[in-house]
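Shown here: query21.cif, mmCIF, C-alpha atoms and all ligand atoms.
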data_upload
loop_
_atom_site.label_atom_id
_atom_site.label_comp_id
_atom_site.auth_asym_id
_atom_site.auth_seq_id
_atom_site.Cartn_x
_atom_site.Cartn_y
_atom_site.Cartn_z
CA MET A 1 5.16 13.18 5.31
CA ASP A 2 7.22 10.00 5.56
CA ALA A 3 7.30 6.82 7.64
CA ILE A 4 10.76 5.38 6.89
CA ARG A 5 14.15 7.00 7.56
CA TRP A 6 17.72 5.75 7.30
CA GLU A 7 20.15 7.70 9.46
CA GLY A 8 23.76 6.62 9.98
CA LYS A 9 23.49 2.89 10.39
CA THR A 10 19.99 2.84 11.85
CA LEU A 11 16.56 2.34 10.29
CA TYR A 12 13.74 4.39 11.84
CA LEU A 13 10.10 3.44 11.33
CA LEU A 14 7.13 5.60 12.29
CA ASP A 15 4.98 3.21 14.33
CA GLN A 16 1.77 3.17 12.27
CA THR A 17 -0.06 1.06 14.84
CA ARG A 18 -0.09 4.10 17.15
CA LEU A 19 -1.25 6.70 14.62
CA PRO A 20 -3.03 9.07 14.74
CA VAL A 21 -2.87 9.26 18.53
CA GLU A 22 0.92 9.23 18.92
CA GLU A 23 3.83 9.83 16.51
CA VAL A 24 6.56 7.47 17.69
CA TRP A 25 9.69 6.65 15.66
CA LEU A 26 11.23 3.26 16.49
CA PRO A 27 14.95 2.57 15.85
CA TYR A 28 16.15 -0.72 14.28
CA THR A 29 19.72 -2.02 14.08
CA ASP A 30 18.85 -5.71 13.61
CA TYR A 31 16.91 -7.11 10.64
CA ARG A 32 14.82 -9.57 12.68
CA PRO A 33 12.74 -6.94 14.52
CA VAL A 34 12.16 -5.30 11.12
CA ALA A 35 10.53 -8.55 9.95
CA ASP A 36 8.37 -8.37 13.09
CA ALA A 37 7.56 -4.71 12.37
CA ILE A 38 6.31 -5.72 8.91
CA ARG A 39 4.26 -8.61 10.37
CA THR A 40 2.71 -6.46 13.11
CA MET A 41 2.16 -3.55 10.71
CA VAL A 42 4.37 -0.98 12.41
CA VAL A 43 5.26 -0.46 8.75
CA ARG A 44 2.65 -1.40 6.15
CA GLY A 45 1.56 -0.66 2.60
CA ALA A 46 3.12 -2.56 -0.29
CA PRO A 47 5.90 -0.15 -1.39
CA ALA A 48 6.78 0.79 2.22
CA ILE A 49 7.19 -2.87 3.14
CA GLY A 50 9.61 -3.26 0.21
CA VAL A 51 11.65 -0.21 1.24
CA ALA A 52 11.81 -1.33 4.90
CA ALA A 53 12.93 -4.83 3.85
CA ALA A 54 15.67 -3.34 1.64
CA TYR A 55 17.04 -1.37 4.60
CA ALA A 56 16.74 -4.48 6.79
CA CYS A 57 19.11 -6.25 4.36
CA CYS A 58 21.59 -3.41 5.01
CA LEU A 59 21.32 -4.05 8.77
CA ALA A 60 22.14 -7.73 8.15
CA ALA A 61 25.14 -6.79 5.97
CA LEU A 62 26.42 -4.29 8.56
CA ALA A 63 26.26 -7.02 11.21
CA GLY A 64 28.15 -9.40 8.91
CA GLU A 65 25.18 -11.78 8.81
CA ASP A 66 24.10 -14.23 6.12
CA LEU A 67 22.03 -12.25 3.60
CA GLU A 68 20.22 -15.30 2.25
CA GLU A 69 19.04 -16.10 5.77
CA ALA A 70 17.93 -12.48 6.29
CA LYS A 71 16.10 -12.56 2.97
CA ALA A 72 14.23 -15.73 3.99
CA VAL A 73 13.20 -14.29 7.38
CA LEU A 74 12.01 -11.02 5.82
CA ALA A 75 10.19 -12.83 2.99
CA ALA A 76 8.19 -14.82 5.55
CA SER A 77 6.77 -11.67 7.18
CA ARG A 78 3.75 -11.01 4.91
CA PRO A 79 2.76 -12.92 1.75
CA THR A 80 0.62 -10.65 -0.45
CA ALA A 81 2.48 -7.45 -1.34
CA VAL A 82 4.89 -8.40 -4.13
CA ASN A 83 7.03 -5.29 -3.52
CA LEU A 84 8.54 -7.14 -0.54
CA PHE A 85 9.86 -9.95 -2.76
CA TRP A 86 10.76 -7.51 -5.54
CA ALA A 87 12.91 -5.41 -3.16
CA LEU A 88 14.54 -8.46 -1.55
CA GLU A 89 15.44 -9.81 -4.99
CA ARG A 90 16.92 -6.47 -6.00
CA MET A 91 19.04 -6.43 -2.82
CA ALA A 92 20.13 -10.03 -3.42
CA GLN A 93 21.27 -9.14 -6.95
CA THR A 94 23.23 -6.17 -5.58
CA ALA A 95 24.77 -8.35 -2.87
CA LYS A 96 25.90 -10.75 -5.57
CA SER A 97 27.51 -8.07 -7.69
CA CYS A 98 29.18 -6.18 -4.80
CA GLY A 99 30.21 -9.18 -2.74
CA GLY A 100 27.92 -8.14 0.15
CA ASP A 101 29.60 -4.74 0.65
CA PRO A 102 27.34 -2.90 3.16
CA GLU A 103 27.96 0.52 1.58
CA ALA A 104 26.84 -0.72 -1.86
CA LEU A 105 23.76 -2.31 -0.29
CA ILE A 106 22.91 0.91 1.55
CA ALA A 107 23.23 2.83 -1.73
CA GLU A 108 20.84 0.35 -3.36
CA ALA A 109 18.27 0.58 -0.53
CA VAL A 110 18.41 4.38 -0.65
CA ALA A 111 17.89 4.17 -4.43
CA ILE A 112 14.84 1.88 -3.98
CA HIS A 113 13.46 4.37 -1.45
CA GLN A 114 14.08 7.48 -3.60
CA GLU A 115 12.83 5.82 -6.79
CA ASP A 116 9.60 4.93 -5.01
CA VAL A 117 8.97 8.58 -4.14
CA GLU A 118 9.73 9.61 -7.74
CA MET A 119 7.37 6.92 -9.08
CA CYS A 120 4.60 8.12 -6.76
CA LYS A 121 5.03 11.69 -7.99
CA ALA A 122 4.91 10.57 -11.63
CA MET A 123 1.79 8.50 -10.87
CA GLY A 124 0.29 11.55 -9.21
CA LEU A 125 0.76 13.66 -12.31
CA TYR A 126 -0.55 11.04 -14.75
CA GLY A 127 -3.41 10.11 -12.45
CA SER A 128 -4.50 13.68 -11.77
CA ALA A 129 -5.37 14.01 -15.47
CA VAL A 130 -8.30 11.58 -15.01
CA VAL A 131 -9.69 13.61 -12.08
CA PRO A 132 -12.42 16.05 -13.16
CA GLU A 133 -12.69 19.61 -11.81
CA GLY A 134 -14.51 19.79 -8.48
CA ALA A 135 -14.12 16.04 -7.96
CA ASN A 136 -15.56 14.03 -5.11
CA ILE A 137 -13.22 11.08 -4.75
CA LEU A 138 -13.59 7.85 -2.79
CA THR A 139 -10.55 5.94 -1.53
CA HIS A 140 -10.13 2.79 0.54
CA CYS A 141 -7.45 1.85 3.09
CA ASN A 142 -4.25 3.92 3.04
CA ALA A 143 -2.21 4.15 -0.14
CA GLY A 144 -0.52 7.35 0.93
CA ALA A 145 2.89 8.67 2.00
CA LEU A 146 2.77 6.32 4.98
CA ALA A 147 2.30 3.28 2.72
CA THR A 148 5.15 4.15 0.33
CA GLY A 149 8.58 5.77 0.32
CA GLY A 150 6.60 9.04 0.48
CA TYR A 151 3.77 10.91 -1.34
CA GLY A 152 1.62 7.84 -2.03
CA THR A 153 0.04 6.00 -4.96
CA ALA A 154 -3.75 6.48 -4.80
CA LEU A 155 -3.26 9.31 -2.31
CA GLY A 156 -0.47 10.65 -4.53
CA VAL A 157 -3.04 11.00 -7.32
CA ILE A 158 -5.36 12.79 -4.89
CA ARG A 159 -2.49 15.03 -3.64
CA ALA A 160 -1.55 16.02 -7.20
CA ALA A 161 -5.20 16.68 -8.13
CA HIS A 162 -5.60 18.76 -4.97
CA GLU A 163 -2.47 20.78 -5.84
CA GLN A 164 -4.19 21.52 -9.17
CA GLY A 165 -7.30 22.74 -7.34
CA LYS A 166 -9.50 19.92 -8.68
CA VAL A 167 -10.59 18.23 -5.45
CA ASN A 168 -13.87 19.14 -3.81
CA MET A 169 -13.98 16.27 -1.29
CA VAL A 170 -12.16 13.04 -0.50
CA TYR A 171 -14.28 10.36 1.11
CA ALA A 172 -12.10 7.93 3.09
CA ASP A 173 -13.49 4.49 3.92
CA GLU A 174 -12.53 3.72 7.51
CA THR A 175 -11.36 0.23 6.44
CA ARG A 176 -12.17 -2.36 9.07
CA PRO A 177 -10.69 -4.31 10.73
CA LEU A 178 -7.51 -2.27 11.25
CA LEU A 179 -8.89 1.15 10.28
CA GLN A 180 -6.12 2.27 7.93
CA GLY A 181 -8.58 4.70 6.32
CA ALA A 182 -9.65 6.28 9.60
CA ARG A 183 -6.29 6.21 11.34
CA LEU A 184 -3.90 6.86 8.45
CA THR A 185 -5.64 8.26 5.35
CA ALA A 186 -7.70 10.72 7.39
CA TYR A 187 -4.50 11.69 9.25
CA GLU A 188 -2.65 12.38 5.99
CA LEU A 189 -5.56 14.31 4.45
CA VAL A 190 -6.03 16.46 7.54
CA ALA A 191 -2.27 17.13 7.77
CA ASP A 192 -2.22 18.29 4.12
CA HIS A 193 -5.42 20.35 4.44
CA ILE A 194 -7.18 18.30 1.77
CA PRO A 195 -10.99 18.36 2.27
CA ALA A 196 -11.81 15.00 3.86
CA THR A 197 -14.89 13.14 5.04
CA LEU A 198 -14.52 9.87 6.88
CA ILE A 199 -17.17 7.21 6.27
CA ALA A 200 -17.74 3.69 7.58
CA ASP A 201 -17.13 1.10 4.86
CA ASN A 202 -20.83 0.34 4.46
CA MET A 203 -21.65 3.95 3.50
CA ALA A 204 -19.88 4.15 0.14
CA ALA A 205 -22.70 2.62 -1.94
CA SER A 206 -25.22 5.07 -0.55
CA LEU A 207 -22.98 8.01 -1.51
CA MET A 208 -22.61 6.60 -5.01
CA ALA A 209 -26.38 6.14 -5.32
CA LYS A 210 -26.80 9.83 -4.48
CA GLY A 211 -24.35 10.78 -7.25
CA LYS A 212 -21.83 12.09 -4.71
CA ILE A 213 -18.78 10.15 -5.94
CA ASP A 214 -17.13 11.09 -9.27
CA LEU A 215 -14.39 8.49 -9.13
CA ALA A 216 -12.80 5.92 -6.86
CA VAL A 217 -9.03 5.42 -6.66
CA VAL A 218 -7.29 2.73 -4.63
CA GLY A 219 -3.81 1.26 -4.18
CA CYS A 220 -2.60 -2.25 -4.90
CA ASP A 221 -0.56 -4.98 -3.20
CA ARG A 222 -0.07 -7.24 -6.20
CA MET A 223 -1.38 -7.12 -9.77
CA ALA A 224 -1.48 -10.24 -11.94
CA ALA A 225 -0.60 -10.27 -15.65
CA ASN A 226 -4.24 -9.81 -16.72
CA GLY A 227 -4.85 -6.77 -14.46
CA ASP A 228 -6.68 -8.59 -11.65
CA PHE A 229 -5.30 -7.18 -8.41
CA ALA A 230 -5.18 -7.72 -4.66
CA ASN A 231 -5.67 -4.77 -2.36
CA LYS A 232 -7.02 -4.23 1.16
CA ILE A 233 -10.12 -6.25 2.00
CA GLY A 234 -13.18 -4.29 0.90
CA THR A 235 -11.62 -2.97 -2.30
CA TYR A 236 -13.64 -5.50 -4.29
CA SER A 237 -16.88 -4.17 -2.73
CA VAL A 238 -15.87 -0.64 -3.73
CA ALA A 239 -15.24 -1.83 -7.31
CA VAL A 240 -18.56 -3.71 -7.52
CA ASN A 241 -20.43 -0.70 -6.15
CA ALA A 242 -18.62 1.65 -8.52
CA HIS A 243 -19.44 -0.60 -11.49
CA PHE A 244 -23.12 -0.77 -10.53
CA HIS A 245 -23.36 3.01 -10.22
CA GLY A 246 -21.25 3.84 -13.29
CA VAL A 247 -18.50 5.45 -11.19
CA PRO A 248 -15.00 5.28 -12.78
CA PHE A 249 -12.74 3.01 -10.72
CA TYR A 250 -8.95 3.45 -10.90
CA VAL A 251 -6.08 1.55 -9.29
CA ALA A 252 -2.71 3.29 -8.82
CA LEU A 253 0.52 1.32 -8.51
CA PRO A 254 4.22 1.36 -9.39
CA CYS A 255 5.51 -1.31 -11.79
CA SER A 256 7.20 -2.96 -8.78
CA THR A 257 3.68 -4.07 -7.73
CA ILE A 258 3.01 -5.94 -10.98
CA ASP A 259 3.70 -9.68 -10.92
CA LEU A 260 3.66 -10.97 -14.50
CA SER A 261 4.51 -14.49 -13.26
CA ILE A 262 0.92 -14.84 -12.00
CA PRO A 263 -1.58 -15.07 -14.87
CA ASP A 264 -4.67 -13.94 -12.96
CA GLY A 265 -6.01 -13.02 -9.53
CA VAL A 266 -6.69 -16.61 -8.48
CA GLY A 267 -2.95 -17.16 -8.06
CA ILE A 268 -2.32 -14.20 -5.73
CA PRO A 269 -1.56 -15.41 -2.17
CA ILE A 270 -3.95 -13.77 0.27
CA GLU A 271 -2.83 -13.26 3.87
CA GLU A 272 -5.24 -14.27 6.64
CA ARG A 273 -4.67 -12.47 9.90
CA ASP A 274 -5.43 -12.99 13.56
CA LYS A 275 -9.12 -13.55 14.30
CA ASN A 276 -8.95 -11.13 17.23
CA GLU A 277 -8.53 -8.24 14.78
CA VAL A 278 -12.24 -8.72 13.98
CA ARG A 279 -13.43 -9.67 17.47
CA THR A 280 -11.99 -6.46 18.89
CA LEU A 281 -11.72 -2.78 18.08
CA TYR A 282 -8.74 -0.92 19.51
CA GLY A 283 -8.22 -3.73 22.00
CA VAL A 284 -11.84 -3.57 23.18
CA GLN A 285 -13.78 -6.79 22.72
CA THR A 286 -16.76 -6.26 20.39
CA ALA A 287 -17.81 -9.89 19.76
CA PRO A 288 -18.02 -13.12 21.75
CA ALA A 289 -14.50 -14.42 22.33
CA GLU A 290 -15.61 -17.87 21.11
CA VAL A 291 -17.12 -16.77 17.79
CA ASP A 292 -15.23 -17.94 14.71
CA VAL A 293 -13.92 -15.26 12.38
CA TYR A 294 -12.91 -14.98 8.71
CA ASN A 295 -10.17 -12.36 8.40
CA PRO A 296 -8.49 -12.11 5.00
CA ALA A 297 -6.32 -8.98 4.84
CA PHE A 298 -6.88 -8.54 1.09
CA ASP A 299 -9.36 -9.35 -1.66
CA VAL A 300 -8.99 -9.64 -5.41
CA THR A 301 -10.72 -7.24 -7.79
CA PRO A 302 -11.16 -8.61 -11.32
CA HIS A 303 -9.76 -6.42 -14.10
CA SER A 304 -13.22 -6.24 -15.68
CA LEU A 305 -14.23 -3.78 -12.92
CA VAL A 306 -11.22 -1.50 -13.48
CA THR A 307 -11.54 1.66 -15.58
CA GLY A 308 -7.81 2.40 -15.70
CA ILE A 309 -4.47 1.46 -14.14
CA ILE A 310 -2.38 4.46 -13.09
CA THR A 311 1.37 3.75 -13.16
CA GLU A 312 4.54 5.86 -13.12
CA LYS A 313 4.71 5.33 -16.90
CA GLY A 314 1.19 6.52 -17.65
CA VAL A 315 -2.45 5.43 -17.38
CA ILE A 316 -3.29 2.07 -18.93
CA TYR A 317 -6.70 1.17 -20.33
CA PRO A 318 -8.06 -2.17 -21.59
CA PRO A 319 -6.98 -4.54 -22.97
CA PHE A 320 -4.97 -4.72 -19.74
CA GLN A 321 -3.10 -7.96 -20.41
CA GLU A 322 -1.60 -6.60 -23.62
CA ASN A 323 -0.97 -3.11 -22.27
CA LEU A 324 0.66 -4.33 -19.03
CA GLN A 325 3.06 -6.47 -21.08
CA LYS A 326 4.02 -3.38 -23.10
CA LEU A 327 5.06 -1.60 -19.87
CA PHE A 328 7.85 -4.11 -19.46
CA GLY A 329 8.97 -3.77 -23.09
O1 LIG B 401 -2.51 -4.36 5.25
P1 LIG B 401 -1.92 -3.09 4.72
O2 LIG B 401 -2.24 -1.89 5.51
O3 LIG B 401 -0.43 -3.25 4.44
O4 LIG B 401 -2.63 -2.93 3.31
C1 LIG B 401 -2.29 -1.82 2.52
C2 LIG B 401 -3.05 -1.74 1.25
O5 LIG B 401 -3.88 -2.56 0.95
C3 LIG B 401 -2.66 -0.63 0.33
O6 LIG B 401 -3.77 -0.17 -0.39
C4 LIG B 401 -1.60 -1.14 -0.67
O7 LIG B 401 -0.55 -1.75 0.01
C5 LIG B 401 -1.08 -0.08 -1.54
S1 LIG B 401 -0.09 1.08 -0.65
C6 LIG B 401 0.49 2.21 -1.75
#
Show me, as structure tokens, the structure contained in the file I just sent.
Ligand code: MRU
Amino acid sequence: MDAIRWEGKTLYLLDQTRLPVEEVWLPYTDYRPVADAIRTMVVRGAPAIGVAAAYACCLAALAGEDLEEAKAVLAASRPTAVNLFWALERMAQTAKSCGGDPEALIAEAVAIHQEDVEMCKAMGLYGSAVVPEGANILTHCNAGALATGGYGTALGVIRAAHEQGKVNMVYADETRPLLQGARLTAYELVADHIPATLIADNMAASLMAKGKIDLAVVGCDRMAANGDFANKIGTYSVAVNAHFHGVPFYVALPCSTIDLSIPDGVGIPIEERDKNEVRTLYGVQTAPAEVDVYNPAFDVTPHSLVTGIITEKGVIYPPFQENLQKLFG
């Protein structure tokens, strides 16, 4: 399964706002609508946003447009996932060294895309080692093939563990307000014939209390130098609940999601989204139109609640600050 394709001189994005009801691929030949696609979550998930932005830089180069301007427009699309800024910086460095040659930029974007898939597969293998036989696993939001270049981070770990016959059941939090768990994770699990049970977000603690969850694994949008990390709103609740019930809690991410320039979670910028995302469900009003709403897209989980960090270079355990530094030599 994939959500991003580059064919000829066109970027195609699988419109994730319409899943699972419709599978519609949208073509892009201009970088500006790609910035809109990131903002409106046609493409979403930290690594996928980075890959899409890299291809958008290629569209700007092919049109002979100013790459610095394109970078600024794309960077303004969503603030939290650091992969966006990481990929734009990598494209800017390539532009500098190749004099803005579109073919060299395309090669770099394709490399970013392919490397992401490879990293997910490596994460899957390392992460599957922490999954016990017959595991019941909880995940939150969508950190799957749709959220990456392909295969997935947290869902990559689950895929690899499933391939090894270790997975009894995956519980997917539906993930209000935009239902990435219900619409996207459940869609991926069903497509891959991985045993899946969808739950509303407020049901996870009760499953843990009954001893029905062996481990939780989630993705990440940005990890600070001390291991604190931002992920989809509700991840923190999962971590607190897991801690209370003694359930191992893992976060899976490629090194491109680690931001060593930020010392701890307090410094991670958290996107706030449109209030109507909470007042409505699938376009149907579910609350008074006048009621005020708090709608952060992400929350920060402190590293003290994390059992292990699964990366493409291996699984890291505390002390996280020291061991994250070692990843970067
Ligand atoms: O708002 P979204 O859907 O882009 O949020 C996605 C997440 O929070 C994912 O868990 C994260 O980006 C990791 S994806 C491998």
Point-to-point distance from atom CA of Thr286 of chain A to atom CA of Ala205 of chain A, Å rounded to tenths:
24.8 Å
Would you give me, as a tab-separated table, each residue of chain A having an atom within 7 Å of an atom of ligand LIG 401 (chain B), along with its shortest atom pair and that distance in Å to one decimal, using all atoms listed in the file and sorting by chain and residue number?
residue	atom	partner	partner_atom	distance
A:Met41	CA	B:LIG401	O3	6.8
A:Arg44	CA	B:LIG401	O3	4.0
A:Gly45	CA	B:LIG401	O7	3.5
A:Ala46	CA	B:LIG401	O7	3.8
A:Pro47	CA	B:LIG401	C6	5.9
A:Ala81	CA	B:LIG401	O7	6.6
A:Cys141	CA	B:LIG401	O6	5.5
A:Asn142	CA	B:LIG401	O6	5.4
A:Ala143	CA	B:LIG401	C6	3.7
A:Gly144	CA	B:LIG401	C6	5.9
A:Ala147	CA	B:LIG401	S1	4.7
A:Thr148	CA	B:LIG401	C6	5.5
A:Gly152	CA	B:LIG401	C6	5.7
A:Thr153	CA	B:LIG401	C6	5.0
A:Ala154	CA	B:LIG401	C6	6.7
A:Gln180	CA	B:LIG401	O2	6.2
A:Val218	CA	B:LIG401	O6	6.2
A:Gly219	CA	B:LIG401	C5	4.0
A:Cys220	CA	B:LIG401	C5	4.3
A:Asp221	CA	B:LIG401	O7	4.6
A:Asn231	CA	B:LIG401	O5	4.4
A:Lys232	CA	B:LIG401	O5	3.6
A:Leu253	CA	B:LIG401	C6	6.8
A:Ala297	CA	B:LIG401	O1	6.0
A:Phe298	CA	B:LIG401	O5	6.7
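Note that atom CA of Arg183 of chain A and atom CA of Pro20 of chain A are 5.5 Å apart.
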Taking (0.3, 12.9, -13.5) in the file's coordinates as the center, which residues reach within 10 Å of it, counting all atoms listed in the file, put as a ChimeraX atom specification?
/A:120-130,156-157,160-161,310-315
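Those residues positioned at most 9 Å from (-19.1, -2.0, 4.1) are Asp173, Thr175, Arg176, Ala200, Asp201, Asn202, Met203, Ala204, Ala205, Gly234, Ser237 and Val238 of chain A, judged using all atoms listed in the file.
Pairwise distance (atom CA of Asn136 of chain A, atom CA of Cys255 of chain A) equals 26.9 Å.
Checking A:Pro296, A:Met208, A:Pro33, A:Leu178 one by one against Tyr282 of chain A, counting all atoms listed in the file, you find the shortest gap at A:Leu178.
Nearest-residue note for Asp259 of chain A: choosing from A:Leu67, A:Val34, A:Met223, A:Ala242, the minimum distance belongs to A:Met223, counting all atoms listed in the file.
With all atoms listed in the file as the atoms that count, the residue of A:Gly308, A:Gly50, A:Pro27, A:Gly265 with the shortest distance to Trp86 of chain A is A:Gly50.
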For Leu146 of chain A, the nearest of the candidates A:Ala3, A:Leu207, A:Ala87, A:Ile49, counting only C-alpha atoms:
A:Ala3
Please provide the set of residues having any atom within 9 Å of Ile262 of chain A, restricted to all atoms listed in the file, with same-chain residues fewer than 2 positions apart removed, written as a VMD selection string.
chain A and resid 223 to 226 259 to 260 264 to 268
Nearest to Pro288 of chain A: which of A:Leu88, A:Ile194, A:Thr235, A:Asn276 is it, counting only C-alpha atoms?
A:Asn276
Env of Asp274 of chain A: 9 Å cut, atoms = all atoms listed in the file, seq-sep filter 2 positions within chain, self excluded. Answer as a list of chain:residue names.
A:Glu272, A:Asn276, A:Glu277, A:Val278, A:Val293, A:Asn295
Could you turn the residues from that selection into a file that holds C-alpha atoms, as a PDB file, keeping the file's coordinate frame?
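This is the output file part-v7.pdb:
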ATOM      1  CA  GLU A 272      -5.240 -14.270   6.640  1.00  0.00           C
ATOM      2  CA  ASN A 276      -8.950 -11.130  17.230  1.00  0.00           C
ATOM      3  CA  GLU A 277      -8.530  -8.240  14.780  1.00  0.00           C
ATOM      4  CA  VAL A 278     -12.240  -8.720  13.980  1.00  0.00           C
ATOM      5  CA  VAL A 293     -13.920 -15.260  12.380  1.00  0.00           C
ATOM      6  CA  ASN A 295     -10.170 -12.360   8.400  1.00  0.00           C
TER       7      ASN A 295
END
Show me, as a ChimeraX atom specification, the residues that have an atom within 9 Å of Ala109 of chain A when counting all atoms listed in the file, minus same-chain residues fewer than 5 positions from it.
/A:51-55,57-58,87,91,104,114
Hey, can I get the axis-aligned box for segment 204-214 of chain A? All listed atoms, 8 Å padding on each side, centre and edge lengths in Å to one decimal, as AutoDock Vina command-line options.
--center_x -22.0 --center_y 7.4 --center_z -4.6 --size_x 25.7 --size_y 25.5 --size_z 25.4
